[in-house]
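Structure below is run.txt: compact mmCIF, C-alpha atoms.
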# COMPACT_ATOMS: atom_id res chain seq x y z
CA VAL A 1 74.17 7.86 -118.63
CA ALA A 2 70.70 8.50 -117.27
CA ASN A 3 69.75 10.32 -120.49
CA THR A 4 71.09 7.56 -122.69
CA PRO A 5 68.39 5.32 -124.18
CA GLY A 6 68.38 1.98 -122.45
CA SER A 7 69.97 3.24 -119.15
CA SER A 8 68.49 3.62 -115.62
CA THR A 9 68.95 6.53 -113.16
CA PRO A 10 72.27 6.08 -111.23
CA ALA A 11 72.20 5.22 -107.48
CA ILE A 12 74.94 6.39 -105.06
CA SER A 13 76.02 4.61 -101.87
CA ARG A 14 75.59 6.21 -98.42
CA ASP A 15 79.23 7.24 -98.21
CA GLY A 16 79.34 8.34 -101.87
CA ARG A 17 82.00 5.75 -102.54
CA TRP A 18 80.05 3.82 -105.21
CA VAL A 19 77.69 4.66 -108.11
CA ALA A 20 75.51 1.93 -109.67
CA PHE A 21 73.16 1.90 -112.67
CA ALA A 22 71.61 -0.55 -115.16
CA SER A 23 72.09 -0.13 -118.93
CA ARG A 24 71.94 -1.91 -122.29
CA PHE A 25 74.35 0.68 -123.65
CA ASN A 26 77.62 -1.13 -123.14
CA ALA A 27 79.97 -0.29 -125.95
CA GLU A 28 82.15 2.19 -124.04
CA LEU A 29 81.49 0.75 -120.60
CA GLN A 30 82.69 -2.69 -121.58
CA THR A 31 85.26 -2.01 -124.25
CA GLY A 32 86.37 1.52 -123.54
CA GLY A 33 85.84 2.36 -127.21
CA SER A 34 83.72 5.08 -128.79
CA SER A 35 80.92 5.05 -131.32
CA THR A 36 78.79 7.60 -133.02
CA THR A 37 75.81 5.30 -132.69
CA PRO A 38 76.30 3.19 -129.55
CA PRO A 39 75.17 -0.35 -129.90
CA ILE A 40 72.33 -1.62 -127.78
CA ASP A 41 72.77 -4.92 -125.95
CA THR A 42 69.70 -7.04 -125.88
CA ASP A 43 70.45 -7.94 -122.23
CA GLU A 44 70.40 -5.30 -119.42
CA ASN A 45 73.70 -5.01 -117.44
CA VAL A 46 74.34 -3.47 -113.97
CA TYR A 47 77.45 -1.32 -113.68
CA VAL A 48 79.17 -0.21 -110.40
CA ILE A 49 81.79 2.57 -110.51
CA GLY A 50 84.05 3.36 -107.54
CA ARG A 51 84.59 6.91 -106.25
CA PRO A 52 87.47 6.47 -103.71
CA ALA A 53 88.10 8.96 -100.89
CA SER A 54 91.38 10.86 -100.72
CA VAL A 55 92.69 11.75 -97.25
CA ALA A 56 95.71 13.88 -96.26
CA VAL A 57 97.38 13.86 -92.80
CA THR A 58 99.69 16.73 -91.79
CA PRO A 59 103.10 15.62 -90.48
CA LEU A 60 104.28 16.51 -86.96
CA ASP A 61 107.78 17.31 -85.64
CA PHE A 62 108.21 17.26 -81.84
CA GLY A 63 111.81 18.52 -81.83
CA GLY A 64 114.09 17.46 -78.98
CA VAL A 65 112.63 15.72 -75.90
CA GLN A 66 114.65 14.19 -73.06
CA VAL A 67 114.80 10.40 -73.22
CA GLY A 68 112.08 8.86 -71.03
CA SER A 69 110.13 12.12 -70.78
CA THR A 70 106.79 12.79 -72.46
CA SER A 71 106.42 15.80 -74.75
CA GLY A 72 103.54 18.18 -74.88
CA VAL A 73 100.55 17.40 -77.09
CA LEU A 74 100.63 18.26 -80.82
CA SER A 75 97.59 18.10 -83.12
CA ALA A 76 97.69 16.55 -86.61
CA THR A 77 95.03 17.69 -89.08
CA VAL A 78 93.25 15.03 -91.16
CA THR A 79 91.53 16.42 -94.30
CA ASN A 80 89.25 14.57 -96.74
CA THR A 81 90.23 15.96 -100.16
CA GLY A 82 88.21 13.37 -102.11
CA ILE A 83 84.63 13.21 -103.35
CA SER A 84 83.34 10.53 -100.97
CA SER A 85 83.26 10.12 -97.17
CA PHE A 86 86.08 8.50 -95.21
CA LEU A 87 85.18 6.13 -92.32
CA PRO A 88 88.23 5.32 -90.13
CA ALA A 89 88.05 2.07 -88.19
CA SER A 90 91.34 2.64 -86.37
CA ILE A 91 93.60 5.58 -85.50
CA ALA A 92 97.10 4.70 -84.32
CA ALA A 93 100.62 6.08 -84.03
CA GLY A 94 103.77 4.00 -84.39
CA GLY A 95 107.20 4.11 -82.80
CA ASP A 96 107.70 6.35 -79.76
CA PHE A 97 104.49 8.24 -80.51
CA THR A 98 101.09 7.82 -78.85
CA VAL A 99 97.59 8.97 -79.80
CA VAL A 100 95.91 10.66 -76.83
CA GLY A 101 92.34 11.78 -76.31
CA GLY A 102 91.10 15.24 -77.12
CA GLY A 103 91.13 15.29 -80.93
CA SER A 104 87.98 15.59 -83.03
CA CYS A 105 88.66 12.56 -85.28
CA ALA A 106 86.98 9.37 -84.08
CA VAL A 107 86.63 5.78 -85.27
CA ASN A 108 83.37 4.81 -87.00
CA ILE A 109 82.52 8.48 -87.57
CA TYR A 110 82.36 9.63 -91.22
CA LEU A 111 84.64 12.43 -92.39
CA PRO A 112 82.69 14.03 -95.28
CA PRO A 113 84.39 15.38 -98.40
CA GLY A 114 86.09 18.73 -97.83
CA GLN A 115 85.98 18.39 -94.02
CA SER A 116 88.83 18.11 -91.48
CA CYS A 117 89.35 16.71 -87.98
CA THR A 118 92.30 16.51 -85.58
CA VAL A 119 94.26 13.78 -83.83
CA GLU A 120 96.35 14.61 -80.73
CA VAL A 121 99.72 12.90 -80.34
CA THR A 122 102.58 12.84 -77.78
CA PHE A 123 106.22 11.78 -78.11
CA LYS A 124 108.21 9.82 -75.50
CA PRO A 125 111.64 8.92 -76.91
CA SER A 126 113.02 5.58 -75.81
CA ALA A 127 116.54 6.32 -77.01
CA ALA A 128 118.73 9.26 -77.97
CA GLY A 129 118.87 10.58 -81.52
CA PRO A 130 116.31 10.97 -84.33
CA ARG A 131 113.07 9.03 -83.86
CA ALA A 132 110.46 8.50 -86.57
CA GLY A 133 106.96 7.11 -86.75
CA SER A 134 103.65 7.58 -88.50
CA LEU A 135 100.07 8.46 -87.70
CA THR A 136 97.72 6.13 -89.62
CA LEU A 137 93.95 6.16 -90.05
CA THR A 138 92.59 2.95 -91.65
CA GLU A 139 89.22 1.86 -92.99
CA THR A 140 88.01 -1.76 -93.05
CA GLY A 141 85.86 -3.62 -95.50
CA PHE A 142 85.68 -3.73 -99.28
CA ALA A 143 87.97 -1.32 -101.11
CA ALA A 144 89.08 0.23 -97.80
CA ILE A 145 91.79 2.89 -97.83
CA SER A 146 94.20 4.25 -95.26
CA ALA A 147 95.94 7.58 -94.75
CA SER A 148 99.23 8.31 -92.99
CA GLY A 149 101.25 11.30 -91.85
CA GLY A 150 104.86 11.36 -90.77
CA LEU A 151 105.87 11.80 -87.10
CA ALA A 152 109.35 12.95 -86.14
CA GLY A 153 111.29 13.90 -83.02
CA SER A 154 114.69 13.59 -81.41
CA GLY A 155 115.62 11.92 -78.13
CA VAL A 156 117.84 14.10 -75.94
CA PRO A 157 120.16 12.20 -73.57
CA VAL A 158 119.47 12.46 -69.85
CA PRO A 159 122.08 14.86 -68.39
CA VAL A 160 124.82 13.35 -66.24
CA ILE A 161 125.60 15.74 -63.40
CA THR A 162 128.86 15.67 -61.47
CA THR A 163 129.85 18.07 -58.70
CA THR A 164 133.34 19.28 -57.83
CA THR A 165 133.96 21.45 -54.79
CA THR A 166 137.01 23.68 -54.51
CA PRO A 167 137.68 24.27 -50.78
CA GLY A 168 137.20 27.85 -49.71
CA THR A 169 135.85 29.05 -53.08
CA THR A 170 132.97 27.69 -55.13
CA THR A 171 131.17 24.52 -56.16
CA THR A 172 131.38 23.58 -59.87
CA ILE A 173 128.57 21.57 -61.45
CA THR A 174 129.39 19.77 -64.72
CA ILE A 175 126.41 18.75 -66.87
CA THR A 176 127.11 16.21 -69.63
CA THR A 177 124.33 15.95 -72.22
CA THR A 178 126.08 13.93 -74.94
CA GLY A 179 129.22 11.86 -75.18
CA THR A 180 131.27 14.83 -76.31
CA THR A 181 129.53 17.99 -75.07
CA THR A 182 129.79 19.28 -71.49
CA THR A 183 128.63 22.46 -69.85
CA THR A 184 130.38 23.70 -66.71
CA VAL A 185 128.42 25.97 -64.38
CA PRO A 186 130.21 27.66 -61.46
CA ARG A 187 127.98 28.08 -58.44
CA THR A 188 128.54 29.87 -55.17
CA ALA A 189 127.70 28.21 -51.89
CA PRO A 190 123.93 27.85 -51.31
CA THR A 191 122.18 30.61 -49.43
CA THR A 192 120.39 30.01 -46.15
CA ALA A 193 117.82 31.83 -44.05
CA ALA A 194 118.53 32.46 -40.34
CA LEU A 195 117.03 34.52 -37.51
CA THR A 196 118.07 35.79 -34.08
CA ILE A 197 116.08 37.39 -31.26
CA THR A 198 117.59 39.99 -28.90
CA PRO A 199 117.79 40.35 -25.99
CA ASN A 200 118.25 36.70 -25.15
CA PRO A 201 117.48 36.00 -22.38
CA GLY A 202 114.92 38.72 -21.86
CA SER A 203 114.32 39.65 -18.21
CA PHE A 204 111.23 41.46 -16.96
CA GLY A 205 112.48 41.80 -13.39
CA ALA A 206 109.94 41.70 -10.58
CA ALA A 207 106.22 42.35 -10.84
CA THR A 208 103.43 41.92 -8.34
CA VAL A 209 101.14 38.97 -8.86
CA GLY A 210 98.24 40.00 -11.09
CA LEU A 211 99.84 43.28 -12.21
CA ALA A 212 101.36 43.86 -15.65
CA SER A 213 105.00 44.85 -15.92
CA GLU A 214 106.41 47.55 -18.15
CA PRO A 215 106.55 46.39 -21.80
CA ASN A 216 109.76 44.69 -22.95
CA ASN A 217 110.76 44.99 -26.64
CA PHE A 218 112.45 42.18 -28.58
CA VAL A 219 114.10 42.58 -32.01
CA VAL A 220 113.95 39.73 -34.55
CA THR A 221 116.82 40.05 -37.07
CA SER A 222 117.49 38.19 -40.34
CA THR A 223 121.10 36.99 -40.04
CA GLY A 224 121.25 34.59 -43.02
CA THR A 225 122.20 35.06 -46.66
CA ARG A 226 118.66 35.07 -48.03
CA SER A 227 115.29 36.41 -46.93
CA ALA A 228 113.62 34.77 -43.94
CA PRO A 229 109.80 34.58 -43.89
CA ILE A 230 108.09 34.82 -40.49
CA ALA A 231 104.87 32.82 -40.38
CA ASP A 232 104.59 32.42 -36.60
CA VAL A 233 105.35 34.49 -33.49
CA SER A 234 104.38 32.77 -30.26
CA ILE A 235 105.18 32.19 -26.59
CA SER A 236 105.52 28.72 -25.14
CA GLY A 237 106.91 27.10 -22.03
CA ALA A 238 106.07 26.41 -18.40
CA ASN A 239 104.59 29.84 -17.63
CA ALA A 240 103.64 30.97 -21.13
CA ALA A 241 100.30 32.37 -19.90
CA ASP A 242 102.17 34.95 -17.77
CA PHE A 243 103.64 36.63 -20.89
CA THR A 244 101.53 38.43 -23.52
CA ILE A 245 102.48 39.80 -26.95
CA VAL A 246 101.00 43.31 -27.11
CA SER A 247 102.46 44.46 -30.45
CA ASN A 248 104.05 42.58 -33.33
CA SER A 249 105.49 43.91 -36.61
CA CYS A 250 107.07 40.55 -37.50
CA LEU A 251 104.16 38.26 -38.31
CA GLY A 252 103.83 37.88 -42.09
CA ALA A 253 107.10 39.73 -42.82
CA ASN A 254 109.76 38.38 -45.19
CA LEU A 255 112.97 39.83 -43.78
CA PRO A 256 115.87 40.33 -46.19
CA PRO A 257 119.39 39.77 -44.78
CA GLY A 258 120.16 42.34 -42.11
CA ALA A 259 116.58 43.55 -41.66
CA GLY A 260 114.68 43.36 -38.37
CA CYS A 261 111.23 43.72 -36.82
CA ASP A 262 109.84 44.20 -33.30
CA VAL A 263 107.81 42.14 -30.83
CA THR A 264 106.64 43.75 -27.57
CA VAL A 265 105.77 41.59 -24.54
CA VAL A 266 104.41 42.31 -21.03
CA PHE A 267 104.72 40.12 -17.95
CA THR A 268 101.76 39.55 -15.61
CA PRO A 269 102.74 36.90 -13.04
CA ALA A 270 100.01 34.52 -11.98
CA ALA A 271 101.95 33.43 -8.89
CA ALA A 272 104.95 34.41 -6.81
CA GLY A 273 108.42 33.17 -7.69
CA THR A 274 110.43 32.76 -10.87
CA ARG A 275 108.31 32.54 -14.02
CA VAL A 276 109.83 31.33 -17.32
CA ALA A 277 108.78 30.92 -20.96
CA ALA A 278 110.20 31.17 -24.50
CA LEU A 279 109.50 33.62 -27.33
CA THR A 280 109.76 32.04 -30.81
CA ALA A 281 109.60 33.66 -34.26
CA GLY A 282 110.07 32.11 -37.72
CA SER A 283 108.85 29.47 -40.17
CA PRO A 284 109.91 25.97 -41.31
CA THR A 285 112.88 27.51 -43.20
CA ALA A 286 114.29 29.51 -40.26
CA SER A 287 113.36 30.21 -36.65
CA ALA A 288 114.80 31.69 -33.47
CA THR A 289 113.93 31.44 -29.78
CA ALA A 290 114.68 33.71 -26.82
CA ASN A 291 114.25 32.66 -23.18
CA ILE A 292 112.15 35.11 -21.16
CA GLU A 293 111.73 35.29 -17.40
CA GLY A 294 110.34 37.38 -14.58
CA THR A 295 109.72 37.19 -10.84
CA GLY A 296 106.24 37.25 -9.34
CA LEU A 297 105.89 39.08 -6.03
CA ASP A 298 103.10 38.71 -3.51
CA GLN A 299 101.17 41.94 -2.81
CA PRO A 300 103.19 44.01 -0.28
CA THR A 301 101.76 44.87 3.15
CA LEU A 302 101.83 48.11 5.10
CA ARG A 303 101.08 48.79 8.80
CA LEU A 304 101.46 51.63 11.31
CA LEU A 305 103.38 51.32 14.59
CA PRO A 306 101.57 52.62 16.51
CA ASN A 307 98.38 52.73 14.51
CA VAL A 308 96.89 55.33 16.93
CA VAL A 309 98.84 58.57 17.07
CA GLU A 310 98.29 61.89 18.79
CA LEU A 311 98.28 65.24 17.07
CA GLY A 312 101.84 66.46 16.56
CA GLU A 313 103.36 63.01 17.15
CA VAL A 314 105.16 60.60 14.77
CA THR A 315 104.22 57.03 13.81
CA ILE A 316 106.22 54.50 11.77
CA ALA A 317 104.96 53.02 8.48
CA VAL A 318 106.33 49.48 8.33
CA GLY A 319 106.33 47.85 4.87
CA ALA A 320 107.02 44.22 3.98
CA GLY A 321 107.05 42.24 0.72
CA PHE A 322 108.00 45.17 -1.49
CA PRO A 323 110.62 44.81 -4.26
CA ALA A 324 114.12 44.92 -2.82
CA ASN A 325 116.13 48.16 -2.74
CA LEU A 326 113.24 50.18 -4.15
CA PRO A 327 112.47 53.83 -3.31
CA ILE A 328 108.85 54.06 -2.12
CA GLN A 329 106.54 56.81 -0.88
CA VAL A 330 103.64 56.81 1.56
CA GLN A 331 100.99 59.46 2.25
CA TRP A 332 97.73 59.95 4.07
CA VAL A 333 94.78 59.52 1.71
CA GLY A 334 93.46 62.98 0.84
CA ASP A 335 96.76 64.69 1.69
CA SER A 336 99.34 65.76 -0.92
CA VAL A 337 102.33 65.42 1.41
CA VAL A 338 104.44 62.32 0.78
CA PHE A 339 107.02 60.62 2.99
CA ASN A 340 109.98 58.87 1.36
CA GLY A 341 111.84 55.68 2.13
CA THR A 342 113.74 52.81 0.52
CA THR A 343 113.27 49.09 0.97
CA ASP A 344 116.16 46.91 2.07
CA GLY A 345 117.44 43.78 0.34
CA SER A 346 114.51 41.80 1.71
CA GLY A 347 111.85 44.26 0.57
CA ASN A 348 111.19 45.73 4.04
CA ALA A 349 110.96 49.45 4.87
CA SER A 350 110.39 51.74 7.85
CA ILE A 351 109.26 55.30 7.11
CA GLN A 352 108.54 58.01 9.68
CA VAL A 353 105.07 59.54 9.25
CA PRO A 354 104.43 62.70 11.33
CA VAL A 355 100.95 64.01 12.21
CA ARG A 356 100.55 67.80 12.09
CA PRO A 357 99.19 69.47 15.25
CA ASP A 358 96.38 71.07 13.25
CA GLU A 359 95.07 67.76 11.88
CA ILE A 360 91.44 66.93 12.51
CA PRO A 361 91.28 63.87 14.78
CA GLY A 362 89.63 60.74 13.46
CA PRO A 363 90.20 57.59 11.36
CA ARG A 364 92.80 57.92 8.59
CA THR A 365 94.19 55.69 5.81
CA LEU A 366 97.85 55.56 4.90
CA THR A 367 98.71 54.37 1.37
CA ALA A 368 101.87 53.47 -0.48
CA VAL A 369 102.03 55.52 -3.68
CA ASP A 370 101.26 53.13 -6.58
CA GLN A 371 104.10 51.91 -8.81
CA PRO A 372 102.40 50.17 -11.76
CA GLY A 373 103.83 46.75 -12.49
CA LEU A 374 105.19 46.47 -8.92
CA PHE A 375 102.30 47.21 -6.58
CA THR A 376 99.05 49.13 -6.36
CA GLY A 377 96.46 49.69 -3.67
CA VAL A 378 98.65 48.96 -0.62
CA THR A 379 96.98 50.66 2.40
CA THR A 380 96.66 50.45 6.18
CA PRO A 381 94.22 52.12 8.63
CA GLY A 382 95.22 54.54 11.40
CA LEU A 383 93.58 56.80 13.99
CA VAL A 384 94.57 60.37 14.85
CA VAL A 385 93.56 61.49 18.39
CA ASP A 386 94.10 64.44 20.68
CA ALA A 387 95.14 64.13 24.34
CA THR A 388 91.59 64.18 25.65
CA MET A 389 90.21 61.33 23.51
CA HIS A 390 89.40 57.98 25.02
CA PRO A 391 90.14 54.69 23.26
CA PRO A 392 87.48 53.50 20.83
CA THR A 393 85.73 50.26 21.53
CA SER A 394 85.29 47.31 19.21
CA GLN A 395 81.50 47.84 19.39
CA ASN A 396 81.87 50.85 17.04
CA PRO A 397 81.86 49.29 13.59
CA ALA A 398 83.01 52.52 11.96
CA LEU A 399 86.49 52.26 13.50
CA PRO A 400 88.96 49.39 13.61
CA ASN A 401 90.24 48.02 16.90
CA PHE A 402 93.47 49.93 17.75
CA PRO A 403 95.19 48.06 20.62
CA SER A 404 98.18 50.41 20.87
CA LEU A 405 96.26 53.58 21.81
CA ILE A 406 98.33 56.23 23.65
CA VAL A 407 96.41 58.73 25.78
CA ARG A 408 97.88 61.57 27.83
CA GLY A 409 96.49 63.62 30.75

Representation of the structure as structure tokens:
Amino acid sequence: VANTPGSSTPAISRDGRWVAFASRFNAELQTGGSSTTPPIDTDENVYVIGRPASVAVTPLDFGGVQVGSTSGVLSATVTNTGISSFLPASIAAGGDFTVVGGGSCAVNIYLPPGQSCTVEVTFKPSAAGPRAGSLTLTETGFAAISASGGLAGSGVPVPVITTTTTPGTTTTITITTTGTTTTTVPRTAPTTAALTITPNPGSFGAATVGLASEPNNFVVTSTGTRSAPIADVSISGANAADFTIVSNSCLGANLPPGAGCDVTVVFTPAAAGTRVAALTAGSPTASATANIEGTGLDQPTLRLLPNVVELGEVTIAVGAGFPANLPIQVQWVGDSVVFNGTTDGSGNASIQVPVRPDEIPGPRTLTAVDQPGLFTGVTTPGLVVDATMHPPTSQNPALPNFPSLIVRG
């Protein structure tokens, strides 16, 4: 047209939708006819020709989704297959379908010719059976167009679950998903996690105040029908501070049925008398507790009667506060010879301690041979003299006062 005599250069709109030009050549434009020599109108006319956009929207099928539940997101592709830009003023989905954020299509943003964008959609069926809708993008204004794509999905009924228990055998769960279809699932009794601790109670016997007992081992066993995790192993109770975990293979374990692990505890009484606490192992799903106890003993005492003895004579080591019915030994410090005895039911003992004739006279110390966990460091002073020695006086700080001195001659 621009090269036709009497016509102006065409102008195109911003979106390419319209072309306008002025011309006095109007034979074909006005009448649609043809002419070898087009007539020339004496008046100039302005002509506007539309170039509509053409937009395609891909359909979406969400398949089956349970009634009342929301599907995952699907993306529909919107493609401008025309020769002018497409400017959507609204993007909407109908029926049980919803446009959600995240797509690249947007209102009031041109989609140029040959370009594509996406719209993200979800499906939430409101009833069972096939559900249909459409995704529509619409322009506004003069000669506006719209584009639509089909949306499809199916509402799946919410299952109806009924339970029937046959005594002594299994539990049957019946799941009904439609009016005519049922699925029956046999199920065994549910599994449970359980733990035990042995021994229970755990006794540490007697130990001297401040001294650690021999270690006591406890076994934690999984006694349930499924694995039992152990997230905590601890001691609690009135005298929990008297009991200490010294080794522990249970913490962090996940014990299968029948498996076990070990916890080792020592008892160090802080005071005399019965001391009690509780050992616990387990987690929120399963736990077990064992009572633990021990007896605290005051430090035993030892004395010599008499505490001054002549060469070749015998003195008596008198013990008190020892564990009951316990074999004990005493000896002079620095001498390898030991003298044996046994405490009575009250923890008392009397042991004969002879002094050899060839001993060197002077101060001596008698000690009870240590028994770790029961007593250590139990001693008493003594004095060995010959027949010619005179009693020591209290003014000599190197020797204790021995009131029961025996002197001959």

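Distance annotation: of A:Asn108, A:Thr198, A:Thr77, A:Thr223, the residue with the minimal separation from Thr58 in chain A is A:Thr77; atom set is all atoms listed in the file.
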
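Taking only C-alpha atoms into account, Pro361 in chain A lies nearest to A:Gly312 out of the set A:Gly64, A:Gly312, A:Gly103, A:Pro300.
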
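Using only C-alpha atoms, the shortest contact distance between Gly282 in chain A and any of A:Cys261, A:Val338, A:Ile230, A:Ala320 is found at A:Ile230.
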
message = Excluding Val233 in chain A and its own-chain neighbours fewer than 2 positions away, which residues fall within 10 Å of it when counting all atoms listed in the file? Please give them as a VMD selection string.
response = chain A and resid 230 to 231 235 245 248 to 252 263 279 to 283 287 to 289

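The smallest atom-to-atom distance between Leu374 in chain A and any of A:Thr122, A:Ser148, A:Thr98, A:Ser213, using all atoms listed in the file, is found for A:Ser213.
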
Pick from A:Thr118, A:Thr343, A:Thr221, A:Ser203 nearest to Val73 in chain A, counting all atoms listed in the file = A:Thr118

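Between CA of Ser247 in chain A and CA of Val219 in chain A there is a distance of 11.9 Å.
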
ask   = So which one's closest to Val318 in chain A, A:Gln352, A:Ser13, A:Thr285, A:Asn254? Using all atoms listed in the file, please.
value = A:Gln352

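If you count only C-alpha atoms and ignore residues fewer than 3 places along the chain from Gly373 in chain A, what sits within 8 Å of it is A:Ala207, A:Thr208, A:Leu211, A:Ala212, A:Ser213, A:Glu214.
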
task = Write out as a ChimeraX atom specification each polymer residue whose atoms come within 6 Å of Thr295 in chain A, counting all atoms listed in the file; drop sequence neighbours fewer than 2 positions from it.
result = /A:205-206,273-275

ask   = Can you tell me, as a PyMOL selection string, which residues sit within 8 Å of (110.4, 14.0, -85.7) in the file's frame, using all atoms listed in the file?
value = chain A and resi 60-63+130-133+150-154
